[in-house]
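Shown below: entry.cif, with mmCIF, C-alpha atoms.
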```
data_entry
#
loop_
_atom_site.group_PDB
_atom_site.id
_atom_site.type_symbol
_atom_site.label_atom_id
_atom_site.label_comp_id
_atom_site.auth_asym_id
_atom_site.auth_seq_id
_atom_site.Cartn_x
_atom_site.Cartn_y
_atom_site.Cartn_z
ATOM 1 C CA MET N 1 0.000 0.000 0.000
ATOM 2 C CA LEU N 2 2.884 2.362 0.733
ATOM 3 C CA ILE N 3 4.260 1.869 -2.779
ATOM 4 C CA GLU N 4 0.821 2.448 -4.276
ATOM 5 C CA ALA N 5 0.353 5.638 -2.220
ATOM 6 C CA ALA N 6 3.762 6.940 -3.298
ATOM 7 C CA ASP N 7 2.970 6.132 -6.932
ATOM 8 C CA LEU N 8 -0.364 7.941 -6.748
ATOM 9 C CA ASN N 9 1.215 10.957 -5.076
ATOM 10 C CA GLU N 10 3.779 11.133 -7.883
ATOM 11 C CA LYS N 11 1.025 10.888 -10.512
ATOM 12 C CA ALA N 12 -0.996 13.605 -8.764
ATOM 13 C CA LYS N 13 2.073 15.843 -8.575
ATOM 14 C CA ASN N 14 2.870 15.378 -12.280
ATOM 15 C CA LEU N 15 -0.719 15.873 -13.378
ATOM 16 C CA GLY N 16 -1.080 18.915 -11.126
ATOM 17 C CA ASN N 17 2.052 20.412 -12.665
ATOM 18 C CA PHE N 18 0.648 19.804 -16.145
ATOM 19 C CA ILE N 19 -2.692 21.372 -15.231
ATOM 20 C CA ASP N 20 -0.812 24.446 -14.003
ATOM 21 C CA SER N 21 1.304 24.650 -17.181
ATOM 22 C CA GLU N 22 0.788 26.633 -20.371
ATOM 23 C CA LYS N 23 0.329 23.405 -22.347
ATOM 24 C CA HIS N 24 -2.857 22.796 -20.409
ATOM 25 C CA GLU N 25 -4.304 26.082 -21.664
ATOM 26 C CA TRP N 26 -4.193 24.828 -25.255
ATOM 27 C CA LEU N 27 -6.490 21.900 -24.541
ATOM 28 C CA SER N 28 -10.204 21.879 -25.186
ATOM 29 C CA THR N 29 -12.523 22.595 -22.285
ATOM 30 C CA GLN N 30 -13.655 18.970 -22.286
ATOM 31 C CA LYS N 31 -10.069 17.696 -21.993
ATOM 32 C CA LYS N 32 -9.305 20.214 -19.240
ATOM 33 C CA ASN N 33 -12.369 19.078 -17.296
ATOM 34 C CA LEU N 34 -11.447 15.416 -17.718
ATOM 35 C CA LEU N 35 -7.894 16.042 -16.503
ATOM 36 C CA LYS N 36 -9.188 17.926 -13.473
ATOM 37 C CA ALA N 37 -11.593 15.073 -12.711
ATOM 38 C CA GLN N 38 -8.738 12.579 -13.107
ATOM 39 C CA TYR N 39 -6.596 14.642 -10.730
ATOM 40 C CA ALA N 40 -9.404 14.716 -8.144
ATOM 41 C CA ALA N 41 -9.870 10.948 -8.467
ATOM 42 C CA ILE N 42 -6.147 10.294 -7.966
ATOM 43 C CA VAL N 43 -6.061 12.523 -4.878
ATOM 44 C CA SER N 44 -9.183 10.809 -3.522
ATOM 45 C CA LEU N 45 -7.750 7.325 -4.089
ATOM 46 C CA SER N 46 -4.481 8.355 -2.462
ATOM 47 C CA THR N 47 -6.402 9.622 0.584
ATOM 48 C CA ILE N 48 -8.278 6.318 0.840
ATOM 49 C CA ILE N 49 -5.063 4.301 0.649
ATOM 50 C CA LEU N 50 -3.412 6.472 3.305
ATOM 51 C CA GLU N 51 -6.430 5.896 5.573
ATOM 52 C CA ARG N 52 -6.176 2.136 4.951
ATOM 53 C CA ILE N 53 -2.519 2.314 5.971
ATOM 54 C CA ARG N 54 -3.461 4.198 9.147
ATOM 55 C CA VAL N 55 -6.165 1.629 10.013
ATOM 56 C CA GLU N 56 -3.793 -1.266 9.354
ATOM 57 C CA LYS N 57 -1.170 0.250 11.654
ATOM 58 C CA GLU N 58 -3.777 0.791 14.390
ATOM 59 C CA GLU N 59 -5.002 -2.807 14.113
ATOM 60 C CA GLN N 60 -1.422 -4.071 14.282
ATOM 61 C CA ARG N 61 -0.844 -1.951 17.396
ATOM 62 C CA LEU N 62 -3.936 -3.460 19.056
ATOM 63 C CA ILE N 63 -2.956 -7.002 18.122
ATOM 64 C CA GLU N 64 0.534 -6.466 19.534
ATOM 65 C CA LYS N 65 -0.967 -5.069 22.752
ATOM 66 C CA ILE N 66 -3.283 -8.070 23.093
ATOM 67 C CA ASN N 67 -0.427 -10.483 22.372
ATOM 68 C CA GLN N 68 1.527 -8.888 25.231
ATOM 69 C CA ASP N 69 -1.336 -9.803 27.622
ATOM 70 C CA PRO N 70 -2.193 -13.484 27.029
ATOM 71 C CA SER N 71 -4.937 -13.352 29.699
ATOM 72 C CA CYS N 72 -6.949 -10.986 27.484
ATOM 73 C CA ASN N 73 -9.507 -12.875 25.377
ATOM 74 C CA CYS N 74 -10.805 -9.810 23.572
ATOM 75 C CA ASP N 75 -11.251 -9.453 19.850
ATOM 76 C CA PRO N 76 -8.864 -6.730 18.554
ATOM 77 C CA HIS N 77 -11.651 -5.247 16.407
ATOM 78 C CA CYS N 78 -14.301 -4.715 19.073
ATOM 79 C CA GLY N 79 -12.822 -1.691 20.955
ATOM 80 C CA CYS N 80 -13.582 -2.528 24.624
ATOM 81 C CA THR N 81 -12.207 -0.610 27.582
ATOM 82 C CA CYS N 82 -10.499 -3.461 29.454
ATOM 83 C CA GLY N 83 -7.176 -1.929 28.551
ATOM 84 C CA CYS N 84 -6.451 -3.934 25.425
ATOM 85 C CA GLY N 85 -8.222 -1.550 23.080
ATOM 86 C CA CYS N 86 -11.069 -3.754 21.838
ATOM 87 C CA ASN N 87 -14.841 -3.342 22.595
ATOM 88 C CA CYS N 88 -16.161 -6.790 23.494
ATOM 89 C CA GLN N 89 -18.546 -7.584 26.337
ATOM 90 C CA GLU N 90 -15.888 -9.717 27.997
ATOM 91 C CA GLY N 91 -13.546 -6.758 28.163
ATOM 92 C CA LYS N 92 -16.289 -4.533 29.541
ATOM 93 C CA SER N 93 -17.141 -7.195 32.128
ATOM 94 C CA SER N 94 -13.526 -7.621 33.200
ATOM 95 C CA GLN N 95 -13.152 -3.858 33.588
ATOM 96 C CA ALA N 96 -16.314 -3.699 35.737
ATOM 97 C CA GLU N 97 -15.021 -6.580 37.878
ATOM 98 C CA ASN N 98 -11.686 -4.835 38.326
ATOM 99 C CA ALA N 99 -13.406 -1.563 39.265
ATOM 100 C CA GLY N 100 -15.804 -3.182 41.753
#
```

Would you kindly transcribe this structure into structure tokens?
Amino acid sequence: MLIEAADLNEKAKNLGNFIDSEKHEWLSTQKKNLLKAQYAAIVSLSTIILERIRVEKEEQRLIEKINQDPSCNCDPHCGCTCGCGCNCQEGKSSQAENAG
């Protein structure tokens, strides 16, 4: 994903430079509009990939945290407050037990 994001950023940079150039002014309105739409799509896709990278890193962090505490039976995707970062009922129950 990192390679794909870097590739898209390079494409967006190059296309943005072309759109800002004099050569762009010689194109038809339709071609200009299509290039601007293409630029917006590349930027949007790059943003999505960067968010996927962020989510992946966060999930990895949670999994590593859970693996450090073998007594935790929580699912890394549920987000509980037992301290492991997931959100399952078991985690909520264990936090309530610890508090009470």

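For the file shown, the residue list from the PyMOL selection byres ((chain N and resi 45) around 12) reads Met1, Glu4, Ala5, Ala6, Asp7, Leu8, Asn9, Lys11, Ala12, Gln38, Tyr39, Ala40, Ala41, Ile42, Val43, Ser44, Ser46, Thr47, Ile48, Ile49, Leu50, Glu51 and Arg52 of chain N.
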
Using C-alpha atoms, can you export the residues from the last selection as an mmCIF file, in the coordinates of the input?
```
data_model
loop_
_atom_site.group_PDB
_atom_site.id
_atom_site.type_symbol
_atom_site.label_atom_id
_atom_site.label_comp_id
_atom_site.auth_asym_id
_atom_site.auth_seq_id
_atom_site.Cartn_x
_atom_site.Cartn_y
_atom_site.Cartn_z
ATOM 1 C CA MET N 1 0.000 0.000 0.000
ATOM 2 C CA GLU N 4 0.821 2.448 -4.276
ATOM 3 C CA ALA N 5 0.353 5.638 -2.220
ATOM 4 C CA ALA N 6 3.762 6.940 -3.298
ATOM 5 C CA ASP N 7 2.970 6.132 -6.932
ATOM 6 C CA LEU N 8 -0.364 7.941 -6.748
ATOM 7 C CA ASN N 9 1.215 10.957 -5.076
ATOM 8 C CA LYS N 11 1.025 10.888 -10.512
ATOM 9 C CA ALA N 12 -0.996 13.605 -8.764
ATOM 10 C CA GLN N 38 -8.738 12.579 -13.107
ATOM 11 C CA TYR N 39 -6.596 14.642 -10.730
ATOM 12 C CA ALA N 40 -9.404 14.716 -8.144
ATOM 13 C CA ALA N 41 -9.870 10.948 -8.467
ATOM 14 C CA ILE N 42 -6.147 10.294 -7.966
ATOM 15 C CA VAL N 43 -6.061 12.523 -4.878
ATOM 16 C CA SER N 44 -9.183 10.809 -3.522
ATOM 17 C CA SER N 46 -4.481 8.355 -2.462
ATOM 18 C CA THR N 47 -6.402 9.622 0.584
ATOM 19 C CA ILE N 48 -8.278 6.318 0.840
ATOM 20 C CA ILE N 49 -5.063 4.301 0.649
ATOM 21 C CA LEU N 50 -3.412 6.472 3.305
ATOM 22 C CA GLU N 51 -6.430 5.896 5.573
ATOM 23 C CA ARG N 52 -6.176 2.136 4.951
#
```

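The two atoms in question, CA of Asn17 in chain N and CA of Ile53 in chain N, are spaced 26.4 Å apart.
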
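Taking CA of Gln30 in chain N as the reference point, CA of Phe18 in chain N is found at 15.6 Å.
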
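Comparing the minimum interatomic distances between Asn14 in chain N and each of N:Trp26, N:Glu59, N:Leu2, N:Leu35, counting only C-alpha atoms, we find that N:Leu35 sits nearest.
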
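Relative to CA of Lys31 in chain N, CA of Gly16 in chain N is found at 14.2 Å.
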
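Among N:Glu58, N:Gln68, N:Ala37, N:Ile63, the residue with the shortest atom-to-atom distance to Ile19 in chain N, counting all atoms listed in the file, is N:Ala37.
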